[in-house]
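**Student:** Following this message is one structure expressed as structure tokens.
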Amino acid sequence: MNLNQNKNHKTKNSRQLEKHFKGISNHRRIDMLMLIYGKPGLTLDQICENLDCNYQTLAEHSSRLVRAGLVSKKKMGNNAEHSITPYGKKICKFIEDFRWN
């Protein structure tokens, strides 16, 4: 079945797909995405601890994941909790499948 014919799914054009794939075009962002997928609600400080990485570096990667539509942030006082968007979940499942095949 052609995806364009399926009325229940929105078909993404190449530019939209590019946005999502650019979001994971860095090993740190892949690590962040998969960590948040497994542990939703982490703050940037917690992500830094888990990945043993510089705060400023991960802040930039976090912003890129948000711009790519893969992660969302919810402000909680001085911090923000990170969670995976529906598109982010699809990418995470793809990464899991791709890693083990």
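Each chain of the structure tokens is named A, B, ... in the order shown, its residues numbered from 1; ligands are numbered from 1 in display order.
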Mind checking which residues fall within 12 Å of Cys92 in chain A, counting only C-alpha atoms, ignoring those fewer than 3 positions away in the same chain, and posting them as a PyMOL selection string?
**Tutor:** chain A and resi 20-21+23-24+29-38+70-71+84-89+95-99
**Student:** Taking only C-alpha atoms into account, which of A:Arg67, A:Arg28, A:Lys39, A:Lys73 comes nearest Leu51 in chain A?
**Tutor:**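 Checking each of A:Arg67, A:Arg28, A:Lys39, A:Lys73 against Leu51 in chain A, counting only C-alpha atoms, the winner is A:Arg28.
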**Student:** Would you mind reading off the distance between CA of Ile47 in chain A and CA of Gly77 in chain A, one decimal, in Å?
**Tutor:**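 Here the two named atoms are 17.2 Å from each other.
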**Student:** Enumerate as JSON, numbers by chain all residues of chain A assigned to helix (DSSP H, G or I) by DSSP on the backbone, naming them with the chain letters and numbers the document uses.
**Tutor:** {"A": [3, 4, 5, 14, 15, 16, 17, 18, 19, 20, 21, 22, 23, 27, 28, 29, 30, 31, 32, 33, 34, 35, 36, 37, 38, 44, 45, 46, 47, 48, 49, 50, 51, 55, 56, 57, 58, 59, 60, 61, 62, 63, 64, 65, 66, 67, 86, 87, 88, 89, 90, 91, 92, 93, 94, 95, 96, 97, 98, 99]}
